[in-house]
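Participant: Here you go, this is final-v6.cif (mmCIF, C-alpha atoms).
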data_input
#
loop_
_atom_site.label_atom_id
_atom_site.label_comp_id
_atom_site.auth_asym_id
_atom_site.auth_seq_id
_atom_site.Cartn_x
_atom_site.Cartn_y
_atom_site.Cartn_z
CA MET V 1 13.62 38.25 33.18
CA SER V 2 17.00 37.19 31.77
CA ASP V 3 17.61 37.37 28.01
CA VAL V 4 17.75 33.55 27.82
CA ALA V 5 14.31 33.26 29.46
CA ALA V 6 13.02 36.09 27.24
CA ILE V 7 14.10 34.22 24.07
CA GLN V 8 12.36 31.05 25.31
CA ASN V 9 9.23 33.16 26.00
CA LEU V 10 9.45 34.65 22.47
CA VAL V 11 9.63 31.14 20.92
CA GLN V 12 6.44 30.09 22.75
CA LYS V 13 4.58 33.30 21.93
CA GLN V 14 5.45 33.28 18.23
CA LYS V 15 4.25 29.65 17.95
CA ALA V 16 0.93 30.73 19.49
CA LEU V 17 0.89 33.75 17.15
CA LYS V 18 1.26 31.56 14.05
CA GLU V 19 -1.50 29.23 15.31
CA GLU V 20 -3.78 32.25 15.80
CA ILE V 21 -3.02 33.54 12.26
CA ALA V 22 -3.64 30.04 10.81
CA LYS V 23 -7.26 30.19 12.08
CA ILE V 24 -7.97 32.69 9.28
CA ILE V 25 -5.07 32.44 6.80
CA VAL V 26 -4.75 29.10 5.00
CA GLY V 27 -1.20 28.14 3.96
CA GLN V 28 1.16 31.06 3.06
CA ASP V 29 3.51 29.91 5.86
CA GLU V 30 6.59 31.44 4.26
CA VAL V 31 4.85 34.81 3.81
CA VAL V 32 3.56 34.89 7.41
CA ASN V 33 7.03 33.89 8.64
CA GLU V 34 8.72 36.77 6.77
CA ILE V 35 6.13 39.31 8.01
CA VAL V 36 6.67 38.11 11.61
CA LEU V 37 10.45 38.32 11.08
CA SER V 38 10.24 41.91 9.87
CA ILE V 39 7.93 42.97 12.74
CA PHE V 40 10.25 41.61 15.45
CA SER V 41 13.29 43.02 13.59
CA GLY V 42 11.63 46.45 13.58
CA GLY V 43 11.64 46.65 9.76
CA HIS V 44 9.00 47.21 7.07
CA ALA V 45 7.85 44.81 4.35
CA LEU V 46 6.68 45.06 0.75
CA LEU V 47 4.17 42.41 -0.40
CA VAL V 48 4.16 41.72 -4.12
CA GLY V 49 1.28 39.66 -5.44
CA VAL V 50 -1.70 39.67 -7.79
CA PRO V 51 -5.10 40.82 -6.44
CA GLY V 52 -7.26 38.42 -4.43
CA LEU V 53 -4.50 36.63 -2.49
CA ALA V 54 -5.81 37.90 0.89
CA LYS V 55 -3.02 40.45 1.43
CA THR V 56 -5.33 42.85 3.34
CA LEU V 57 -6.94 40.03 5.33
CA MET V 58 -3.50 38.70 6.26
CA VAL V 59 -2.26 42.07 7.57
CA ASN V 60 -5.53 42.66 9.45
CA THR V 61 -5.33 39.19 11.06
CA ILE V 62 -1.66 39.65 12.05
CA SER V 63 -2.38 43.08 13.61
CA GLN V 64 -5.32 41.61 15.61
CA ALA V 65 -3.18 38.69 16.84
CA LEU V 66 -0.40 41.14 17.83
CA GLY V 67 -2.93 43.32 19.68
CA LEU V 68 -1.93 46.41 17.66
CA ASP V 69 -3.84 49.28 16.02
CA PHE V 70 -4.27 48.79 12.29
CA LYS V 71 -5.08 51.29 9.53
CA ARG V 72 -5.42 50.66 5.82
CA ILE V 73 -4.61 53.42 3.32
CA GLN V 74 -5.76 52.83 -0.25
CA PHE V 75 -3.23 54.56 -2.49
CA THR V 76 -4.74 56.35 -5.51
CA PRO V 77 -3.32 58.81 -8.07
CA ASP V 78 -5.04 61.76 -6.31
CA LEU V 79 -3.91 60.89 -2.75
CA MET V 80 -2.13 63.82 -1.08
CA PRO V 81 0.58 63.67 1.65
CA SER V 82 -1.88 65.33 4.08
CA ASP V 83 -4.31 62.42 3.52
CA ILE V 84 -1.67 60.17 5.12
CA LEU V 85 0.05 62.42 7.66
CA GLY V 86 -2.85 64.64 8.74
CA SER V 87 -3.32 68.41 8.49
CA GLU V 88 -3.86 71.56 10.50
CA ILE V 89 -7.36 73.05 10.57
CA LEU V 90 -8.88 76.19 12.11
CA ASP V 91 -11.18 75.26 15.00
CA GLU V 92 -14.15 77.25 16.41
CA SER V 93 -11.83 79.44 18.52
CA ARG V 94 -9.94 80.38 15.32
CA SER V 95 -6.71 78.66 16.42
CA PHE V 96 -4.91 75.94 14.51
CA LYS V 97 -5.52 72.35 15.57
CA PHE V 98 -3.69 69.30 14.22
CA LEU V 99 -5.90 66.46 12.97
CA LYS V 100 -3.88 63.22 12.92
CA GLY V 101 -3.90 61.17 9.72
CA PRO V 102 -4.01 57.36 9.44
CA ILE V 103 -0.18 57.18 9.75
CA PHE V 104 -0.68 57.48 13.53
CA SER V 105 -1.24 53.78 14.04
CA ASN V 106 0.96 50.77 14.86
CA ILE V 107 0.50 48.81 11.62
CA ILE V 108 -0.15 50.59 8.34
CA LEU V 109 -1.25 48.72 5.25
CA ALA V 110 -0.25 50.87 2.28
CA ASP V 111 -2.40 49.24 -0.37
CA GLU V 112 -1.06 49.48 -3.94
CA ILE V 113 1.70 51.92 -3.04
CA ASN V 114 2.75 52.20 -6.70
CA ARG V 115 -0.61 53.81 -7.62
CA THR V 116 0.25 57.15 -6.01
CA PRO V 117 2.65 59.90 -7.23
CA PRO V 118 6.22 60.15 -5.85
CA LYS V 119 5.35 63.14 -3.58
CA THR V 120 2.87 61.04 -1.59
CA GLN V 121 5.12 57.96 -1.62
CA ALA V 122 7.92 60.12 -0.19
CA ALA V 123 5.67 61.33 2.68
CA LEU V 124 5.08 57.74 3.78
CA LEU V 125 8.72 56.74 3.33
CA GLU V 126 9.93 59.66 5.48
CA ALA V 127 7.63 58.47 8.29
CA MET V 128 9.01 54.92 7.85
CA GLN V 129 12.59 56.10 8.20
CA GLU V 130 12.23 58.73 10.94
CA LYS V 131 9.28 57.17 12.89
CA ALA V 132 8.07 60.79 13.07
CA VAL V 133 6.35 63.35 10.83
CA THR V 134 6.79 67.10 10.45
CA ILE V 135 3.68 69.16 9.70
CA ALA V 136 3.69 72.98 9.47
CA GLY V 137 7.01 73.09 11.34
CA HIS V 138 5.82 70.84 14.20
CA HIS V 139 7.46 67.49 14.87
CA TYR V 140 5.15 64.61 15.86
CA LYS V 141 6.52 61.26 17.04
CA LEU V 142 4.68 58.14 15.84
CA ASP V 143 3.43 55.49 18.26
CA LEU V 144 5.79 52.53 18.60
CA PRO V 145 5.94 49.80 17.44
CA PHE V 146 5.44 51.25 13.96
CA PHE V 147 5.36 48.94 10.97
CA VAL V 148 4.45 49.56 7.32
CA LEU V 149 3.30 46.76 5.04
CA ALA V 150 2.99 48.00 1.49
CA THR V 151 1.39 45.98 -1.30
CA GLN V 152 2.18 46.16 -4.98
CA ASN V 153 0.44 44.50 -7.91
CA PRO V 154 3.13 43.13 -10.30
CA ILE V 155 0.83 42.88 -13.33
CA GLU V 156 -0.69 46.29 -14.02
CA GLN V 157 1.79 48.94 -15.06
CA GLU V 158 -0.86 51.28 -16.50
CA GLY V 159 -1.24 54.41 -14.36
CA THR V 160 1.36 53.38 -11.79
CA TYR V 161 4.44 55.11 -10.39
CA PRO V 162 7.03 52.38 -9.65
CA LEU V 163 8.94 52.93 -6.40
CA PRO V 164 12.47 54.26 -7.04
CA GLU V 165 15.33 51.97 -5.96
CA ALA V 166 16.31 54.29 -3.07
CA GLN V 167 12.79 54.01 -1.70
CA LEU V 168 12.55 50.25 -2.23
CA ASP V 169 15.71 50.00 -0.10
CA ARG V 170 13.71 51.29 2.92
CA PHE V 171 11.78 48.01 2.99
CA MET V 172 13.54 45.31 4.95
CA PHE V 173 11.77 42.46 3.13
CA ALA V 174 10.18 42.11 -0.30
CA ILE V 175 7.78 39.20 0.03
CA LYS V 176 6.33 37.37 -2.97
CA LEU V 177 2.82 35.94 -2.72
CA ASP V 178 1.91 33.03 -4.95
CA TYR V 179 -1.44 31.38 -5.67
CA PRO V 180 -2.51 28.80 -3.06
CA SER V 181 -2.18 25.08 -3.85
CA PHE V 182 -5.31 23.17 -4.97
CA ALA V 183 -5.91 21.72 -1.46
CA GLU V 184 -5.40 25.14 0.18
CA GLU V 185 -7.82 26.81 -2.24
CA VAL V 186 -10.47 24.15 -1.49
CA GLN V 187 -10.01 24.90 2.23
CA VAL V 188 -10.25 28.68 1.60
CA VAL V 189 -13.53 28.27 -0.31
CA LYS V 190 -14.96 25.98 2.38
CA SER V 191 -14.11 28.36 5.23
CA THR V 192 -15.19 31.61 3.55
CA THR V 193 -18.56 30.65 2.10
CA THR V 194 -20.40 29.88 5.36
CA ASP V 195 -21.82 32.10 8.12
CA PHE V 196 -19.26 30.82 10.65
CA THR V 197 -17.08 33.61 12.11
CA ILE V 198 -13.69 33.09 13.73
CA LYS V 199 -12.35 35.40 16.43
CA VAL V 200 -8.64 36.19 16.55
CA ASN V 201 -7.29 36.68 20.08
CA PRO V 202 -4.66 39.38 20.81
CA LEU V 203 -1.53 37.74 22.25
CA PHE V 204 0.85 40.70 22.77
CA THR V 205 0.84 44.25 24.07
CA ALA V 206 2.64 47.06 22.20
CA GLN V 207 5.24 47.25 25.00
CA GLU V 208 5.96 43.50 24.78
CA ILE V 209 6.70 43.82 21.06
CA ILE V 210 9.05 46.78 21.71
CA ASP V 211 10.80 44.72 24.44
CA PHE V 212 11.25 41.79 22.04
CA GLN V 213 12.65 44.13 19.35
CA GLN V 214 15.21 45.46 21.87
CA LEU V 215 16.02 41.91 23.03
CA ILE V 216 16.83 40.93 19.41
CA ARG V 217 19.20 43.89 19.05
CA ARG V 218 21.08 42.68 22.17
CA ILE V 219 21.72 39.21 20.69
CA PRO V 220 25.48 38.75 20.06
CA VAL V 221 26.74 37.83 16.58
CA ALA V 222 30.06 36.15 15.79
CA ASP V 223 32.43 38.11 13.51
CA ASN V 224 32.49 35.32 10.91
CA VAL V 225 28.68 35.58 10.52
CA ILE V 226 28.87 39.36 10.03
CA GLU V 227 31.71 38.91 7.52
CA TYR V 228 29.65 36.26 5.69
CA ALA V 229 26.68 38.67 5.39
CA VAL V 230 28.88 41.52 4.13
CA THR V 231 30.61 39.16 1.66
CA LEU V 232 27.21 37.99 0.38
CA VAL V 233 26.11 41.59 -0.26
CA SER V 234 29.50 42.55 -1.80
CA LYS V 235 29.15 39.65 -4.24
CA THR V 236 25.98 41.24 -5.68
CA ARG V 237 27.92 44.30 -6.91
CA PRO V 238 29.15 43.69 -10.48
CA ASP V 239 32.17 46.00 -10.10
CA ASN V 240 33.31 44.37 -6.82
CA ALA V 241 36.36 42.09 -6.78
CA LEU V 242 34.24 39.34 -5.13
CA ALA V 243 31.63 39.30 -7.91
CA THR V 244 31.60 36.16 -10.06
CA ASP V 245 31.25 36.18 -13.86
CA TYR V 246 27.63 35.04 -13.39
CA ILE V 247 26.82 38.21 -11.40
CA LYS V 248 28.70 40.45 -13.87
CA ASN V 249 26.72 38.81 -16.67
CA TYR V 250 23.24 39.32 -15.25
CA LEU V 251 23.26 42.24 -12.81
CA ASP V 252 23.50 45.98 -13.44
CA TRP V 253 23.51 47.01 -9.79
CA GLY V 254 23.97 45.25 -6.46
CA ALA V 255 22.72 45.82 -2.92
CA GLY V 256 23.96 48.61 -0.63
CA PRO V 257 25.13 48.56 3.02
CA ARG V 258 21.54 48.64 4.32
CA ALA V 259 21.20 45.08 2.96
CA SER V 260 24.12 43.92 5.16
CA GLN V 261 22.54 45.55 8.24
CA ASN V 262 19.16 44.00 7.51
CA LEU V 263 20.68 40.54 6.86
CA ILE V 264 22.23 40.53 10.35
CA LEU V 265 19.13 41.95 12.08
CA ALA V 266 16.82 39.44 10.37
CA ALA V 267 19.29 36.57 11.02
CA LYS V 268 19.25 37.50 14.74
CA THR V 269 15.43 37.44 14.71
CA ASN V 270 15.35 34.14 12.81
CA ALA V 271 17.74 32.60 15.36
CA ALA V 272 15.70 33.93 18.33
CA LEU V 273 12.38 32.67 16.90
CA ASN V 274 13.97 29.23 16.58
CA GLY V 275 15.24 29.27 20.16
CA LYS V 276 18.92 29.95 19.35
CA TYR V 277 20.93 32.50 21.32
CA SER V 278 23.14 33.63 18.43
CA PRO V 279 22.67 33.47 14.65
CA ASP V 280 24.85 31.37 12.36
CA ILE V 281 25.43 31.33 8.58
CA GLU V 282 22.27 29.22 8.02
CA ASP V 283 20.19 32.02 9.57
CA VAL V 284 21.70 34.55 7.16
CA GLN V 285 20.92 32.26 4.21
CA ALA V 286 17.36 31.68 5.48
CA VAL V 287 16.53 35.41 5.26
CA ALA V 288 18.72 36.38 2.28
CA THR V 289 16.13 35.98 -0.53
CA GLY V 290 13.52 38.29 1.00
CA ILE V 291 16.14 40.89 1.88
CA LEU V 292 18.10 40.94 -1.40
CA ARG V 293 15.25 40.34 -3.90
CA HIS V 294 14.32 44.03 -4.30
CA ARG V 295 17.86 45.38 -3.92
CA ILE V 296 19.49 43.81 -6.97
CA ILE V 297 18.82 45.13 -10.46
CA LYS V 298 18.96 42.67 -13.34
CA ASN V 299 20.07 43.67 -16.84
CA TYR V 300 18.27 43.02 -20.14
CA LYS V 301 20.26 39.79 -20.64
CA ALA V 302 18.83 38.28 -17.42
CA ASP V 303 15.31 39.25 -18.52
CA ALA V 304 15.84 37.82 -22.01
CA GLU V 305 17.08 34.50 -20.59
CA GLY V 306 14.33 34.29 -17.95
CA ILE V 307 16.78 34.50 -15.02
CA SER V 308 14.91 35.46 -11.82
CA GLU V 309 16.23 37.35 -8.78
CA GLU V 310 15.78 34.17 -6.73
CA MET V 311 18.04 32.19 -9.09
CA ILE V 312 20.72 34.87 -8.84
CA ILE V 313 20.55 34.92 -5.00
CA LYS V 314 20.82 31.09 -4.84
CA LYS V 315 24.01 31.32 -6.94
CA LEU V 316 25.53 33.65 -4.30
CA PHE V 317 25.55 30.83 -1.73
#
Could you render the structure from this file as structure tokens?
Facilitator:
Amino acid sequence: MSDVAAIQNLVQKQKALKEEIAKIIVGQDEVVNEIVLSIFSGGHALLVGVPGLAKTLMVNTISQALGLDFKRIQFTPDLMPSDILGSEILDESRSFKFLKGPIFSNIILADEINRTPPKTQAALLEAMQEKAVTIAGHHYKLDLPFFVLATQNPIEQEGTYPLPEAQLDRFMFAIKLDYPSFAEEVQVVKSTTTDFTIKVNPLFTAQEIIDFQQLIRRIPVADNVIEYAVTLVSKTRPDNALATDYIKNYLDWGAGPRASQNLILAAKTNAALNGKYSPDIEDVQAVATGILRHRIIKNYKADAEGISEEMIIKKLF
């Protein structure tokens, strides 16, 4: 199949995917769109939202519709790295045998990732970066596609270990979940308080998703689009010549080079999902908020004046 035909096929399949997800998930179109973008870009996503907004249900539904294995890990203060990666045990013949942990799955939901100490967070983040784990000197490759969706509750800070900036940078997207609208909430209550069950049909195979991820990497990008993305990221750095007074006023730190890479990758995916054969500046702008939101660090002045990350990113355009 030619790349042009493959992109047309991807457009059809992702429309069907969103219809399948909508059977269970009411509204949240922007959130579903960003999760789908990060999966086909081969990145990971961080979901930030208060409890009860169907984060787990959403990830479970998406993994079923993608036809992928799904494991949920509930992060707690006493969770150990071996609880995620697996461990070696002595079997009956007194030889060591490796028992795989939940990380050996296609989609991992890391629930409340900020509830666990840095040592355990680091174990997961190494797997995210390397797509492999090392246990007792042995190297184990993870099954592809491999995708981590971590959730974080923005309210409770008691007994949590916030993710360091370097680790936040490993997530391609930071996705904000808001409460549903009145009409959406009515629909949620109607559909979840009866005995009617809905089946989600798998639409992809693991190999198809890997093929689509490789197809997206082959999409050509014009130099001016790459330069626009790099300029956008450079503008977030207060000590950069391109930074405006507004940025210098409200930001302590800007985004690093990984943000530029992710902007282009996500822009390629956004273009492909919309049936375009090359991304343009609009595609970069469409994905910029989710990609830059967790990579810029506001100062106390921005907090005092109620300036949000989203307002700062809009000013960059």
Participant: Selection in question (the file shown): the PyMOL selection byres ((chain V and resi 116-122) around 8). Which residues does it include, as a PyMOL selection string?
Facilitator: chain V and resi 75-81+113-115+123-126+160-161+163+167
Participant: Once the PyMOL selection byres ((chain V and resi 70) around 7) is applied to the coordinates I shared, what remains selected? I want it as a list in words.
Facilitator: Asn60, Ser63, Leu68, Asp69, Lys71, Arg72, Ser105, Asn106, Ile107 and Ile108 of chain V
Participant: Where does region 2-77 of chain V meet region 261-281 of chain V within 6 Å, residue by residue, with the nearest atom pair and distance in Å to one decimal for each, counting all atoms listed in the file, listed by chain and rising number, as CSV?
Facilitator:
residue,atom,partner,partner_atom,distance
V:Ile7,CA,V:Ala272,CA,6.0
V:Val11,CA,V:Leu273,CA,5.1
V:Ser41,CA,V:Ala266,CA,6.0
Participant: For the residues selected in the previous step, produce a file with C-alpha atoms as an mmCIF file, keeping the file's coordinate frame.
Facilitator:
data_model
loop_
_atom_site.group_PDB
_atom_site.id
_atom_site.type_symbol
_atom_site.label_atom_id
_atom_site.label_comp_id
_atom_site.auth_asym_id
_atom_site.auth_seq_id
_atom_site.Cartn_x
_atom_site.Cartn_y
_atom_site.Cartn_z
ATOM 1 C CA ILE V 7 14.100 34.220 24.070
ATOM 2 C CA VAL V 11 9.630 31.140 20.920
ATOM 3 C CA SER V 41 13.290 43.020 13.590
#
Participant: By how many Å are CA of Ala16 (chain V) and CA of Pro145 (chain V) apart?
Facilitator: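 Taking CA of Ala16 (chain V) and CA of Pro145 (chain V), their separation equals 19.8 Å.
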Participant: Which is closer to Ala110 (chain V) than all the others in V:Ala166, V:Ala54, V:Val225, V:Ala45, using only C-alpha atoms?
Facilitator: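 Among the listed residues, V:Ala45 lies closest to Ala110 (chain V).
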Participant: Can you work out which one of V:Val233, V:Ala302, V:Ile39, V:Ile89 has the shortest atom-to-atom distance to Leu66 (chain V), counting all atoms listed in the file?
Facilitator: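 Of V:Val233, V:Ala302, V:Ile39, V:Ile89, the one nearest Leu66 (chain V), counting all atoms listed in the file, is V:Ile39.
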Participant: Rank V:Val26, V:Ile297, V:Ala241, V:Leu37 by their smallest atom-to-atom distance to Val186 (chain V), using only C-alpha atoms, and report the top residue only.
Facilitator: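 Nearest candidate to Val186 (chain V) out of V:Val26, V:Ile297, V:Ala241, V:Leu37: V:Val26.
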Participant: Counting only C-alpha atoms, which residues have an atom no more than 10 Å from (23.3, 49.9, 3.1) in the file's coordinates? Please list them as an mmCIF file with C-alpha atoms, in the coordinates of the input.
Facilitator:
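Writing the result to out.cif gives the following:
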data_model
loop_
_atom_site.group_PDB
_atom_site.id
_atom_site.type_symbol
_atom_site.label_atom_id
_atom_site.label_comp_id
_atom_site.auth_asym_id
_atom_site.auth_seq_id
_atom_site.Cartn_x
_atom_site.Cartn_y
_atom_site.Cartn_z
ATOM 1 C CA ASP V 169 15.710 50.000 -0.100
ATOM 2 C CA ARG V 170 13.710 51.290 2.920
ATOM 3 C CA VAL V 233 26.110 41.590 -0.260
ATOM 4 C CA ALA V 255 22.720 45.820 -2.920
ATOM 5 C CA GLY V 256 23.960 48.610 -0.630
ATOM 6 C CA PRO V 257 25.130 48.560 3.020
ATOM 7 C CA ARG V 258 21.540 48.640 4.320
ATOM 8 C CA ALA V 259 21.200 45.080 2.960
ATOM 9 C CA SER V 260 24.120 43.920 5.160
ATOM 10 C CA GLN V 261 22.540 45.550 8.240
ATOM 11 C CA ASN V 262 19.160 44.000 7.510
ATOM 12 C CA ARG V 295 17.860 45.380 -3.920
#
Participant: What is the distance, in Å and to one decimal place, between CA of Glu130 (chain V) and CA of Lys100 (chain V)?
Facilitator: 16.8 Å
Participant: Any chance you could resolve the PyMOL selection byres ((chain V and resi 18) around 12) against this file and give the residues as number ranges by chain?
Facilitator: V: 11-17, 19-37, 58, 61-62, 65-66, 200-203, 273
Participant: Hey, can you check how far CA of Lys301 (chain V) sits from CA of Thr231 (chain V)?
Facilitator: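 If I compute the distance from CA of Lys301 (chain V) to CA of Thr231 (chain V), I get 24.6 Å.
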Participant: In terms of the shortest atom-to-atom distance over only C-alpha atoms, which of V:Lys199, V:Thr151, V:Tyr179, V:Ser95 is closest to Gln64 (chain V)?
Facilitator: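 Using only C-alpha atoms, Gln64 (chain V) sits closest to V:Lys199.
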Participant: Skipping near chain neighbours, those fewer than 3 positions away, what residues fall within 10 Å of Gln285 (chain V) using all atoms listed in the file, listed as a list in words?
Facilitator: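 Residues meeting the cut-off are Tyr228, Ala229, Leu232, Leu263, Ala267, Asp280, Ile281, Glu282, Ala288, Thr289, Ile313, Lys314, Leu316 and Phe317 of chain V.
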Participant: Quick one: of V:Leu90, V:Ala150, V:Lys315, V:Glu227, who's nearest to Val59 (chain V), counting all atoms listed in the file?
Facilitator: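 With all atoms listed in the file as the atom set, the closest residue is V:Ala150.
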Participant: Go through V:Ile219, V:Ile312, V:Ile210, V:Ile84 one by one, measure the shortest atom-to-atom distance of each to Asn249 (chain V) using only C-alpha atoms, and give the residue with the smallest value.
Facilitator: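 Going through V:Ile219, V:Ile312, V:Ile210, V:Ile84 one by one, the smallest distance to Asn249 (chain V) is for V:Ile312.
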Participant: Give me the residues near Phe96 (chain V) as a PDB file with C-alpha atoms, keeping the file's coordinate frame, where near means some atom within 12 Å (using only C-alpha atoms) and where sequence neighbours in that chain fewer than 3 positions away do not count.
Facilitator:
ATOM      1  CA  SER V  87      -3.320  68.410   8.490  1.00  0.00           C
ATOM      2  CA  GLU V  88      -3.860  71.560  10.500  1.00  0.00           C
ATOM      3  CA  ILE V  89      -7.360  73.050  10.570  1.00  0.00           C
ATOM      4  CA  LEU V  90      -8.880  76.190  12.110  1.00  0.00           C
ATOM      5  CA  ASP V  91     -11.180  75.260  15.000  1.00  0.00           C
ATOM      6  CA  GLU V  92     -14.150  77.250  16.410  1.00  0.00           C
ATOM      7  CA  SER V  93     -11.830  79.440  18.520  1.00  0.00           C
ATOM      8  CA  LEU V  99      -5.900  66.460  12.970  1.00  0.00           C
ATOM      9  CA  ILE V 135       3.680  69.160   9.700  1.00  0.00           C
ATOM     10  CA  ALA V 136       3.690  72.980   9.470  1.00  0.00           C
ATOM     11  CA  HIS V 138       5.820  70.840  14.200  1.00  0.00           C
TER      12      HIS V 138
END
Participant: Complete region 67-85 of chain V at the level of N, CA and C atoms, written as a compact mmCIF listing (two decimals), in the frame of the given file.
Facilitator:
# COMPACT_ATOMS: atom_id res chain seq x y z
N GLY V 67 -2.29 42.36 18.77
CA GLY V 67 -2.93 43.32 19.68
C GLY V 67 -2.56 44.76 19.36
N LEU V 68 -2.36 45.06 18.07
CA LEU V 68 -1.93 46.41 17.66
C LEU V 68 -3.02 47.13 16.86
N ASP V 69 -2.94 48.47 16.86
CA ASP V 69 -3.84 49.28 16.02
C ASP V 69 -3.48 49.07 14.56
N PHE V 70 -4.49 49.05 13.72
CA PHE V 70 -4.27 48.79 12.29
C PHE V 70 -5.05 49.80 11.45
N LYS V 71 -4.38 50.40 10.45
CA LYS V 71 -5.08 51.29 9.53
C LYS V 71 -4.70 50.91 8.10
N ARG V 72 -5.68 50.98 7.23
CA ARG V 72 -5.42 50.66 5.82
C ARG V 72 -5.55 51.95 5.02
N ILE V 73 -4.55 52.24 4.20
CA ILE V 73 -4.61 53.42 3.32
C ILE V 73 -4.63 52.91 1.88
N GLN V 74 -5.68 53.24 1.15
CA GLN V 74 -5.76 52.83 -0.25
C GLN V 74 -5.08 53.91 -1.09
N PHE V 75 -3.98 53.58 -1.71
CA PHE V 75 -3.23 54.56 -2.49
C PHE V 75 -3.87 54.75 -3.86
N THR V 76 -4.12 56.01 -4.21
CA THR V 76 -4.74 56.35 -5.51
C THR V 76 -3.94 57.50 -6.12
N PRO V 77 -4.10 57.74 -7.43
CA PRO V 77 -3.32 58.81 -8.07
C PRO V 77 -3.59 60.21 -7.48
N ASP V 78 -4.76 60.42 -6.83
CA ASP V 78 -5.04 61.76 -6.31
C ASP V 78 -4.81 61.87 -4.80
N LEU V 79 -4.18 60.86 -4.19
CA LEU V 79 -3.91 60.89 -2.75
C LEU V 79 -2.83 61.92 -2.45
N MET V 80 -3.08 62.77 -1.45
CA MET V 80 -2.13 63.82 -1.08
C MET V 80 -1.36 63.42 0.19
N PRO V 81 -0.15 63.99 0.40
CA PRO V 81 0.58 63.67 1.65
C PRO V 81 -0.25 63.93 2.90
N SER V 82 -1.07 65.01 2.89
CA SER V 82 -1.88 65.33 4.08
C SER V 82 -2.94 64.26 4.36
N ASP V 83 -3.34 63.51 3.31
CA ASP V 83 -4.31 62.42 3.52
C ASP V 83 -3.71 61.29 4.34
N ILE V 84 -2.36 61.22 4.36
CA ILE V 84 -1.67 60.17 5.12
C ILE V 84 -1.22 60.71 6.48
N LEU V 85 -0.59 61.90 6.45
CA LEU V 85 0.05 62.42 7.66
C LEU V 85 -0.93 63.16 8.57
